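Listing of target_24.cif; format and content: mmCIF, C-alpha atoms.
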```cif
data_coords
#
loop_
_atom_site.label_atom_id
_atom_site.label_comp_id
_atom_site.auth_asym_id
_atom_site.auth_seq_id
_atom_site.Cartn_x
_atom_site.Cartn_y
_atom_site.Cartn_z
CA MET W 243 -13.95 17.39 30.13
CA ASP W 244 -14.66 13.70 30.22
CA ALA W 245 -11.70 11.66 28.94
CA GLU W 246 -13.90 9.69 26.55
CA ALA W 247 -15.30 12.91 25.05
CA ALA W 248 -11.81 14.38 24.69
CA LYS W 249 -10.74 11.24 22.80
CA LEU W 250 -13.61 11.53 20.33
CA ILE W 251 -13.01 15.26 19.80
CA GLY W 252 -9.33 14.50 19.16
CA ALA W 253 -10.29 11.85 16.61
CA GLY W 254 -12.57 14.37 14.92
CA LEU W 255 -9.77 16.93 14.81
CA ALA W 256 -7.51 14.33 13.22
CA ALA W 257 -10.03 14.12 10.37
CA VAL W 258 -9.14 17.76 9.57
CA GLY W 259 -5.62 16.51 8.81
CA ALA W 260 -7.00 13.91 6.40
CA GLY W 261 -9.01 16.60 4.64
CA ILE W 262 -6.02 18.90 4.25
CA ALA W 263 -3.92 16.00 2.93
CA SER W 264 -6.57 15.56 0.25
CA LEU W 265 -5.76 19.13 -0.85
CA GLY W 266 -2.13 18.06 -1.11
CA VAL W 267 -2.94 14.99 -3.21
CA GLY W 268 -5.16 17.07 -5.47
CA ASN W 269 -2.36 19.61 -5.81
CA VAL W 270 0.11 16.93 -6.90
CA PHE W 271 -2.12 15.67 -9.70
CA ALA W 272 -3.27 19.17 -10.67
CA SER W 273 0.27 20.44 -11.15
CA PHE W 274 1.19 17.28 -13.01
CA LEU W 275 -1.72 17.64 -15.42
CA GLU W 276 -1.07 21.34 -15.89
CA SER W 277 2.51 20.79 -16.93
CA ALA W 278 1.76 17.54 -18.78
CA LEU W 279 -0.64 19.41 -21.06
CA ARG W 280 2.03 21.98 -21.80
CA ASN W 281 4.54 19.33 -22.82
CA PRO W 282 2.72 16.00 -23.39
CA SER W 283 5.79 14.29 -24.84
CA ALA W 284 7.67 14.64 -21.54
CA ALA W 285 4.72 13.59 -19.38
CA ASP W 286 5.10 9.80 -19.57
CA SER W 287 8.68 9.84 -18.33
CA GLN W 288 7.62 11.71 -15.17
CA GLN W 289 4.93 9.26 -14.08
CA GLY W 290 7.20 7.66 -11.47
CA ARG W 291 7.87 11.04 -9.88
CA LEU W 292 4.14 11.78 -9.96
CA PHE W 293 3.47 8.72 -7.83
CA ILE W 294 6.34 9.49 -5.46
CA GLY W 295 4.79 12.90 -4.82
CA PHE W 296 1.38 11.31 -4.48
CA ALA W 297 2.71 8.75 -1.98
CA ALA W 298 4.43 11.42 0.12
CA ALA W 299 1.33 13.64 0.23
CA GLU W 300 -0.98 10.73 0.89
CA LEU W 301 1.11 9.29 3.72
CA LEU W 302 0.60 12.40 5.86
CA GLY W 303 -3.16 12.14 5.45
CA LEU W 304 -3.08 8.46 6.28
CA LEU W 305 -1.06 9.25 9.41
CA SER W 306 -3.88 11.47 10.67
CA PHE W 307 -6.26 8.56 10.03
CA VAL W 308 -3.96 6.38 12.15
CA VAL W 309 -4.05 9.01 14.91
CA ALA W 310 -7.86 8.95 14.82
CA MET W 311 -7.95 5.13 14.92
CA ILE W 312 -5.49 5.03 17.84
CA LEU W 313 -7.54 7.60 19.76
CA ILE W 314 -10.78 5.66 19.26
CA PHE W 315 -9.66 2.04 19.59
CA VAL W 316 -6.34 2.00 21.48
CA ALA W 317 -5.95 5.01 23.78
CA MET S 83 -14.55 -3.64 12.32
CA ASN S 84 -15.59 -7.29 12.41
CA GLN S 85 -14.09 -7.89 8.97
CA PHE S 86 -10.58 -7.25 10.31
CA ALA S 87 -10.80 -9.85 13.08
CA ILE S 88 -8.23 -12.64 12.87
CA GLU S 89 -9.56 -16.06 13.77
CA PRO S 90 -7.99 -19.51 13.80
CA MET S 91 -9.42 -21.76 11.10
CA PHE S 92 -10.02 -25.53 10.82
CA GLY S 93 -9.61 -26.08 14.58
CA THR S 94 -5.92 -25.17 14.67
CA GLY S 95 -6.41 -22.62 17.45
CA HIS S 96 -4.34 -24.58 20.00
CA TRP S 97 -1.27 -25.19 17.80
CA ALA S 98 1.81 -23.74 19.45
CA ILE S 99 5.60 -23.80 19.22
CA GLY S 100 7.57 -22.81 22.31
CA GLY S 101 4.54 -21.11 23.87
CA TYR S 102 3.74 -19.06 20.76
CA ASN S 103 0.47 -19.71 19.03
CA ILE S 104 0.92 -20.67 15.36
CA ALA S 105 -2.72 -21.26 14.48
CA PHE S 106 -3.63 -21.30 10.78
CA THR S 107 -5.69 -18.09 10.71
CA ASN S 108 -7.98 -16.63 8.07
CA SER S 109 -5.15 -14.17 7.37
CA ALA S 110 -2.79 -17.05 6.59
CA LEU S 111 -5.51 -18.73 4.52
CA TRP S 112 -5.89 -15.67 2.28
CA MET S 113 -2.12 -15.35 1.97
CA VAL S 114 -2.14 -18.92 0.64
CA VAL S 115 -5.05 -18.09 -1.67
CA ALA S 116 -3.18 -15.06 -3.03
CA ALA S 117 0.00 -17.10 -3.52
CA VAL S 118 -1.88 -19.91 -5.29
CA ALA S 119 -3.79 -17.43 -7.50
CA LEU S 120 -0.49 -15.76 -8.38
CA TRP S 121 1.13 -19.13 -9.10
CA ALA S 122 -1.77 -20.11 -11.37
CA PHE S 123 -1.67 -16.74 -13.13
CA MET S 124 2.03 -17.17 -13.85
CA PHE S 125 1.86 -20.90 -14.63
CA PHE S 126 -0.76 -20.60 -17.35
CA GLY S 127 0.97 -17.57 -18.86
CA MET S 128 4.48 -19.03 -19.09
CA LYS S 129 3.94 -21.47 -21.96
CA ARG S 130 6.48 -19.53 -24.06
CA GLN S 131 4.41 -19.62 -27.23
CA GLN S 132 5.91 -17.90 -30.26
CA VAL S 133 2.65 -15.99 -30.73
CA PRO S 134 1.43 -15.11 -27.22
CA GLY S 135 -2.22 -15.67 -26.39
CA ARG S 136 -4.23 -13.35 -24.17
CA TRP S 137 -3.08 -14.93 -20.93
CA GLN S 138 0.60 -14.91 -21.84
CA MET S 139 0.16 -11.31 -23.01
CA ALA S 140 -1.16 -10.36 -19.56
CA VAL S 141 1.81 -11.95 -17.81
CA GLU S 142 4.27 -10.37 -20.23
CA THR S 143 2.69 -6.94 -19.78
CA MET S 144 3.07 -7.23 -16.02
CA SER S 145 6.69 -8.38 -16.12
CA ASN S 146 7.61 -5.73 -18.73
CA PHE S 147 6.00 -3.12 -16.50
CA ILE S 148 8.20 -4.04 -13.53
CA ASP S 149 11.22 -4.40 -15.84
CA ASN S 150 10.76 -0.83 -17.03
CA LEU S 151 10.10 0.41 -13.50
CA LEU S 152 13.45 -0.91 -12.28
CA LEU S 153 15.30 0.12 -15.43
CA SER S 154 14.12 3.73 -15.15
CA ASN S 155 14.71 3.96 -11.38
CA CYS S 156 17.84 1.86 -10.80
CA GLY S 157 19.52 1.75 -14.21
CA LYS S 158 21.39 -1.38 -15.22
CA GLY S 159 22.16 -2.39 -11.63
CA GLY S 160 18.47 -2.93 -10.93
CA LYS S 161 18.21 -5.98 -13.20
CA ALA S 162 19.06 -8.35 -10.35
CA PHE S 163 16.11 -7.13 -8.27
CA VAL S 164 13.40 -7.62 -10.89
CA PRO S 165 12.29 -11.03 -9.47
CA TYR S 166 11.93 -9.62 -5.96
CA VAL S 167 10.06 -6.45 -6.92
CA PHE S 168 7.88 -8.39 -9.36
CA SER S 169 6.81 -10.95 -6.74
CA LEU S 170 6.27 -8.17 -4.21
CA PHE S 171 4.10 -6.14 -6.59
CA MET S 172 2.03 -9.10 -7.80
CA PHE S 173 1.55 -10.52 -4.30
CA ILE S 174 0.32 -7.21 -2.90
CA LEU S 175 -1.84 -6.59 -5.98
CA PHE S 176 -3.47 -10.01 -5.73
CA ALA S 177 -3.95 -9.64 -1.98
CA ASN S 178 -5.59 -6.21 -2.35
CA LEU S 179 -7.87 -7.31 -5.17
CA LEU S 180 -8.83 -10.63 -3.54
CA GLY S 181 -9.93 -8.72 -0.45
CA LEU S 182 -12.38 -6.69 -2.56
CA LEU S 183 -14.09 -9.68 -4.20
CA PRO S 184 -17.80 -9.94 -3.26
CA PHE S 185 -17.58 -13.58 -2.14
CA GLY S 186 -19.53 -12.60 0.97
CA LEU S 187 -22.67 -13.21 -1.13
CA ILE S 188 -22.00 -16.96 -1.12
CA GLY S 189 -20.90 -17.04 2.52
CA VAL S 190 -17.11 -16.93 2.03
CA HIS S 191 -15.87 -13.69 3.56
CA PRO S 192 -12.68 -12.47 1.89
CA PHE S 193 -10.02 -11.23 4.27
CA THR S 194 -7.62 -8.48 3.19
CA PHE S 195 -4.44 -9.42 5.01
CA THR S 196 -2.77 -6.23 3.71
CA SER S 197 -5.08 -4.39 6.11
CA HIS S 198 -2.90 -5.59 8.99
CA PHE S 199 0.31 -3.88 9.94
CA THR S 200 1.89 -7.21 10.90
CA ALA S 201 1.66 -8.40 7.28
CA THR S 202 2.62 -5.16 5.52
CA GLY S 203 5.27 -4.42 8.14
CA VAL S 204 7.04 -7.71 7.41
CA LEU S 205 6.98 -6.97 3.67
CA ALA S 206 8.45 -3.52 4.40
CA ILE S 207 11.13 -5.03 6.66
CA ILE S 208 12.11 -7.47 3.89
CA SER S 209 12.52 -4.55 1.48
CA PHE S 210 14.46 -2.55 4.05
CA SER S 211 16.81 -5.40 4.92
CA ILE S 212 17.52 -5.99 1.22
CA VAL S 213 18.52 -2.32 0.98
CA LEU S 214 20.76 -2.62 4.06
CA ILE S 215 22.36 -5.92 3.04
CA VAL S 216 22.98 -4.88 -0.57
CA GLY S 217 24.19 -1.44 0.50
CA PHE S 218 26.75 -2.70 2.99
CA TRP S 219 27.71 -5.63 0.74
CA ARG S 220 28.44 -3.44 -2.29
CA HIS S 221 29.88 -0.35 -0.63
CA GLY S 222 30.98 -1.39 2.87
CA LEU S 223 31.15 1.52 5.31
CA HIS S 224 31.13 3.82 2.29
CA PHE S 225 27.35 3.26 2.41
CA PHE S 226 27.13 5.96 5.09
CA THR S 227 27.88 8.63 2.47
CA LEU S 228 24.25 8.08 1.49
CA PHE S 229 23.37 10.31 4.45
CA ILE S 230 25.52 13.23 3.27
CA PRO S 231 24.39 14.72 -0.04
CA GLN S 232 27.12 15.85 -2.42
CA GLY S 233 28.43 19.36 -1.74
CA THR S 234 27.12 19.75 1.82
CA PRO S 235 29.00 22.55 3.66
CA VAL S 236 31.16 21.07 6.44
CA PRO S 237 29.42 22.82 9.38
CA MET S 238 26.08 21.41 8.19
CA ILE S 239 27.27 17.79 7.97
CA PRO S 240 26.30 16.67 11.52
CA ILE S 241 22.78 18.10 11.23
CA ILE S 242 22.19 16.84 7.69
CA PHE S 243 23.55 13.43 8.68
CA LEU S 244 21.07 13.18 11.56
CA ILE S 245 18.13 14.32 9.45
CA GLU S 246 18.97 11.94 6.62
CA LEU S 247 19.53 9.11 9.09
CA VAL S 248 16.10 9.63 10.65
CA SER S 249 14.40 9.84 7.25
CA PHE S 250 16.21 6.64 6.27
CA MET S 251 15.19 4.75 9.42
CA VAL S 252 11.55 5.86 9.08
CA ARG S 253 11.29 4.27 5.61
CA PRO S 254 10.12 0.77 6.60
CA PHE S 255 7.43 2.24 8.85
CA SER S 256 6.11 4.64 6.23
CA LEU S 257 6.24 1.88 3.60
CA GLY S 258 4.25 -0.62 5.66
CA LEU S 259 1.95 1.97 7.24
CA ARG S 260 0.89 3.42 3.87
CA LEU S 261 -0.35 0.13 2.47
CA PHE S 262 -2.00 -0.96 5.71
CA VAL S 263 -3.83 2.32 6.32
CA ALA S 264 -4.93 2.75 2.71
CA MET S 265 -6.51 -0.70 2.67
CA THR S 266 -8.05 -0.36 6.14
CA ALA S 267 -9.47 3.10 5.38
CA GLY S 268 -11.01 1.89 2.12
CA HIS S 269 -12.71 -1.07 3.75
CA VAL S 270 -13.94 1.03 6.69
CA LEU S 271 -15.38 3.57 4.25
CA LEU S 272 -17.27 0.88 2.33
CA LYS S 273 -18.49 -0.57 5.62
CA VAL S 274 -19.78 2.82 6.83
CA LEU S 275 -21.60 3.46 3.55
CA ALA S 276 -23.12 -0.03 3.64
CA GLY S 277 -24.30 0.74 7.18
CA PHE S 278 -26.03 3.89 5.86
CA VAL S 279 -27.87 1.89 3.21
CA ILE S 280 -29.04 -0.85 5.58
CA ASN S 281 -30.08 1.42 8.45
CA SER S 282 -31.89 3.95 6.27
CA THR S 283 -33.79 1.21 4.46
CA ASN S 284 -34.82 -0.31 7.79
CA ALA S 285 -36.06 3.11 8.95
CA GLY S 286 -38.74 3.25 6.25
CA ALA S 287 -39.34 3.65 2.52
CA ILE S 288 -38.86 7.45 2.47
CA TYR S 289 -35.48 7.29 4.22
CA GLY S 290 -34.54 4.36 2.04
CA LEU S 291 -35.24 6.30 -1.14
CA THR S 292 -33.73 9.62 -0.06
CA VAL S 293 -30.67 8.35 1.84
CA GLY S 294 -30.21 4.70 0.97
CA LEU S 295 -30.41 4.90 -2.81
CA PRO S 296 -27.91 7.80 -3.33
CA THR S 297 -25.54 6.16 -0.86
CA PHE S 298 -25.78 2.90 -2.78
CA ALA S 299 -24.93 4.74 -6.01
CA LEU S 300 -21.98 6.33 -4.20
CA MET S 301 -20.89 2.89 -2.97
CA ILE S 302 -20.63 1.62 -6.54
CA GLY S 303 -18.36 4.54 -7.39
CA ILE S 304 -16.27 4.09 -4.25
CA SER S 305 -15.90 0.36 -4.99
CA ALA S 306 -14.44 1.27 -8.39
CA LEU S 307 -12.15 3.74 -6.64
CA GLU S 308 -11.06 1.01 -4.23
CA VAL S 309 -9.98 -1.20 -7.15
CA LEU S 310 -7.89 1.73 -8.36
CA VAL S 311 -6.45 2.28 -4.86
CA ALA S 312 -5.58 -1.43 -4.59
CA ALA S 313 -3.55 -1.21 -7.81
CA VAL S 314 -2.00 2.18 -6.98
CA GLN S 315 -0.89 1.07 -3.51
CA ALA S 316 0.75 -2.06 -4.91
CA TYR S 317 2.46 0.13 -7.52
CA VAL S 318 3.59 2.68 -4.92
CA PHE S 319 5.02 -0.10 -2.73
CA ALA S 320 7.00 -1.48 -5.68
CA LEU S 321 8.04 2.00 -6.81
CA LEU S 322 9.34 3.06 -3.41
CA THR S 323 11.10 -0.29 -2.96
CA SER S 324 12.86 0.21 -6.28
CA LEU S 325 13.83 3.76 -5.26
CA TYR S 326 15.32 2.51 -1.99
CA ILE S 327 17.14 -0.26 -3.86
CA ASN S 328 18.52 2.44 -6.17
CA ASP S 329 20.00 4.15 -3.10
CA ALA S 330 21.69 0.93 -2.07
CA VAL S 331 22.99 0.10 -5.55
CA ASN S 332 24.07 3.50 -6.84
CA LEU S 333 24.57 5.65 -3.69
CA HIS S 334 22.90 8.79 -5.13
#
```
Structure encoded using structure tokens:
Amino acid sequence: MDAEAAKLIGAGLAAVGAGIASLGVGNVFASFLESALRNPSAADSQQGRLFIGFAAAELLGLLSFVVAMILIFVA
Amino acid sequence: MNQFAIEPMFGTGHWAIGGYNIAFTNSALWMVVAAVALWAFMFFGMKRQQVPGRWQMAVETMSNFIDNLLLSNCGKGGKAFVPYVFSLFMFILFANLLGLLPFGLIGVHPFTFTSHFTATGVLAIISFSIVLIVGFWRHGLHFFTLFIPQGTPVPMIPIIFLIELVSFMVRPFSLGLRLFVAMTAGHVLLKVLAGFVINSTNAGAIYGLTVGLPTFALMIGISALEVLVAAVQAYVFALLTSLYINDAVNLH
């Protein structure tokens, strides 16, 4: 395979990682809402933890975006 | 990707100190704009009126927000770091929002300097060095117990120590990378959608109506989402910084 083509295919595969990370981010907020509706009075105090989980899940998706960008523009 | 290009402004391209170029770039210009906007926002809100007006209310809401953030994450010991985390949060927030302003219509192209790893990386390194300095200052070599959670079985200590050490050293990278990639990805997405609209409209009325118009509607939604992302990323940066400071102040 041509090196340039392999690069672009790799960047496309990295987009799969971004998509799966979106599942993770959705999962974080879904579980938060689910439990927040069960006990709304405790929900506000957990908002910080919600965003920590969101940041951790999002970072992995953003890393796959970085991989794609590196493959296209740097490698 | 033209919008991310860094160019020297006002003919300062040849300025150098010791062989290093120190040109006043568009990145630096927008840093100054963000700092001045932040200064003005604070200046007009700090009149200390007995009955706060709208502007003072906005400033007080922001500072109370960061106050509570540090109080809930660091306890009483976090009080000393409120000025740092507040300036960090507001600076990043202003930078992110300024980069989204549609000044391109009147020929002034906003530059989001948080979409460059050099800028966000330095902010992350400042946060990380505060953690290191405060940690070693307060606890001395006792700071290394941060890497061994309470009640770890003795045979596991070397492995846990290594894992915790790596996750600790990765923090500045993940902190800077998150902000930089989130802003870059948002702007690239808007750029791609704008390209759809322009190219489909140029290809004819039918393409313009079937492709261009829905994409334009989507762009409006995504722009609103980007405003949210700008605020959330600034919040996440401040939140994680306060968590790391908590490690340094309270050692678990």
Kindly compute an axis-aligned box around the listed atoms of stretch 303-309 of chain W, allowing 8 Å on each side, and express its centre and edge lengths in Å to one decimal as JSON.
```
{"center_x": -3.7, "center_y": 9.3, "center_z": 10.2, "size_x": 21.2, "size_y": 21.8, "size_z": 25.5}
```
- Identify which of the residues S:Gly268, S:Pro184, S:Pro134, S:Gly127 lies closest to chain W, counting all atoms listed in the file when measuring atom-to-atom distances.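 Selected residue with least distance to chain W: S:Gly268.
Rounded to one decimal, atom CA of S:Leu153 and atom CA of S:Val248 lie 27.8 Å from each other.
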- Message: Need to verify the contact set: stretch 320-334 of chain S, 6 Å, only C-alpha atoms, exclusion of same-chain residues closer than 3 positions in sequence. Can you return it as a PyMOL selection string?
- Response: chain S and resi 156+167+171+213+217+228+317
- Report as a VMD selection string the set of chain S residues whose atoms approach chain W to within 8 Å, with distances computed over only C-alpha atoms. chain S and resid 256 260 263 to 264 267 318 321 to 322
- Any idea what the distance is between atom CA of S:Thr202 and atom CA of S:Ala116?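 Atom CA of S:Ala116 lies 14.3 Å from atom CA of S:Thr202.
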Excluding stretch 248-254 of chain W and residues on its chain fewer than 6 positions from it, collect all residues at most 9 Å away from it, counting all atoms listed in the file, and give them as a short mmCIF file (atom, residue, chain, number, x, y, z; two decimals) with C-alpha atoms, in the coordinates of the input.
```cif
data_model
loop_
_atom_site.label_atom_id
_atom_site.label_comp_id
_atom_site.auth_asym_id
_atom_site.auth_seq_id
_atom_site.Cartn_x
_atom_site.Cartn_y
_atom_site.Cartn_z
CA SER W 306 -3.88 11.47 10.67
CA PHE W 307 -6.26 8.56 10.03
CA VAL W 309 -4.05 9.01 14.91
CA ALA W 310 -7.86 8.95 14.82
CA MET W 311 -7.95 5.13 14.92
CA ILE W 312 -5.49 5.03 17.84
CA LEU W 313 -7.54 7.60 19.76
CA ILE W 314 -10.78 5.66 19.26
CA ALA W 317 -5.95 5.01 23.78
#
```
- For the atom pair atom CA of S:Leu175 and atom CA of W:Ala256, what is the interatomic distance in Å to one decimal place?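 If I compute the distance from atom CA of S:Leu175 to atom CA of W:Ala256, I get 29.0 Å.
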Could you expand the PyMOL selection byres ((chain S and resi 141) around 8) into the explicit residues it covers here, written as an mmCIF file with C-alpha atoms, in the frame of the given file?
```cif
data_model
loop_
_atom_site.group_PDB
_atom_site.id
_atom_site.type_symbol
_atom_site.label_atom_id
_atom_site.label_comp_id
_atom_site.auth_asym_id
_atom_site.auth_seq_id
_atom_site.Cartn_x
_atom_site.Cartn_y
_atom_site.Cartn_z
ATOM 1 C CA PHE S 123 -1.670 -16.740 -13.130
ATOM 2 C CA MET S 124 2.030 -17.170 -13.850
ATOM 3 C CA GLY S 127 0.970 -17.570 -18.860
ATOM 4 C CA MET S 128 4.480 -19.030 -19.090
ATOM 5 C CA TRP S 137 -3.080 -14.930 -20.930
ATOM 6 C CA GLN S 138 0.600 -14.910 -21.840
ATOM 7 C CA MET S 139 0.160 -11.310 -23.010
ATOM 8 C CA ALA S 140 -1.160 -10.360 -19.560
ATOM 9 C CA GLU S 142 4.270 -10.370 -20.230
ATOM 10 C CA THR S 143 2.690 -6.940 -19.780
ATOM 11 C CA MET S 144 3.070 -7.230 -16.020
ATOM 12 C CA SER S 145 6.690 -8.380 -16.120
#
```
- Nearest residue to S:Leu272 from the set S:Leu152, S:Leu257, S:Ile304, S:Ala299 (distances using all atoms listed in the file):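 The answer is S:Ile304, which sits nearest to S:Leu272.
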- Shell around S:Phe176 at 10 Å using only C-alpha atoms, local window under 4 positions removed, as a list in words: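 Residues meeting the cut-off are Met113, Val115, Ala116, Ala117, Ala119, Leu120, Phe171, Met172, Leu180, Gly181, Thr194, Ala312, Ala313 and Ala316 of chain S.
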- Message: For the PyMOL selection byres ((chain S and resi 226) around 12), applied here, can you spell out every residue it catches as a list in words?
- Response: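 Applied to this file, the PyMOL selection byres ((chain S and resi 226) around 12) returns Leu214, Gly217, Phe218, His221, Gly222, Leu223, His224, Phe225, Thr227, Leu228, Phe229, Ile230, Pro231, Phe243, Leu244, Glu246, Leu247, Phe250, Asp329, Ala330, Leu333 and His334 of chain S.
Nearest residue to S:Ala306, choosing from S:His96, S:Leu183, S:Leu261, S:Val293 and counting all atoms listed in the file: S:Leu183.
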- Closest to S:Gln315 among S:Phe193, S:Phe173, S:Phe278, S:Phe163, using all atoms listed in the file? S:Phe173
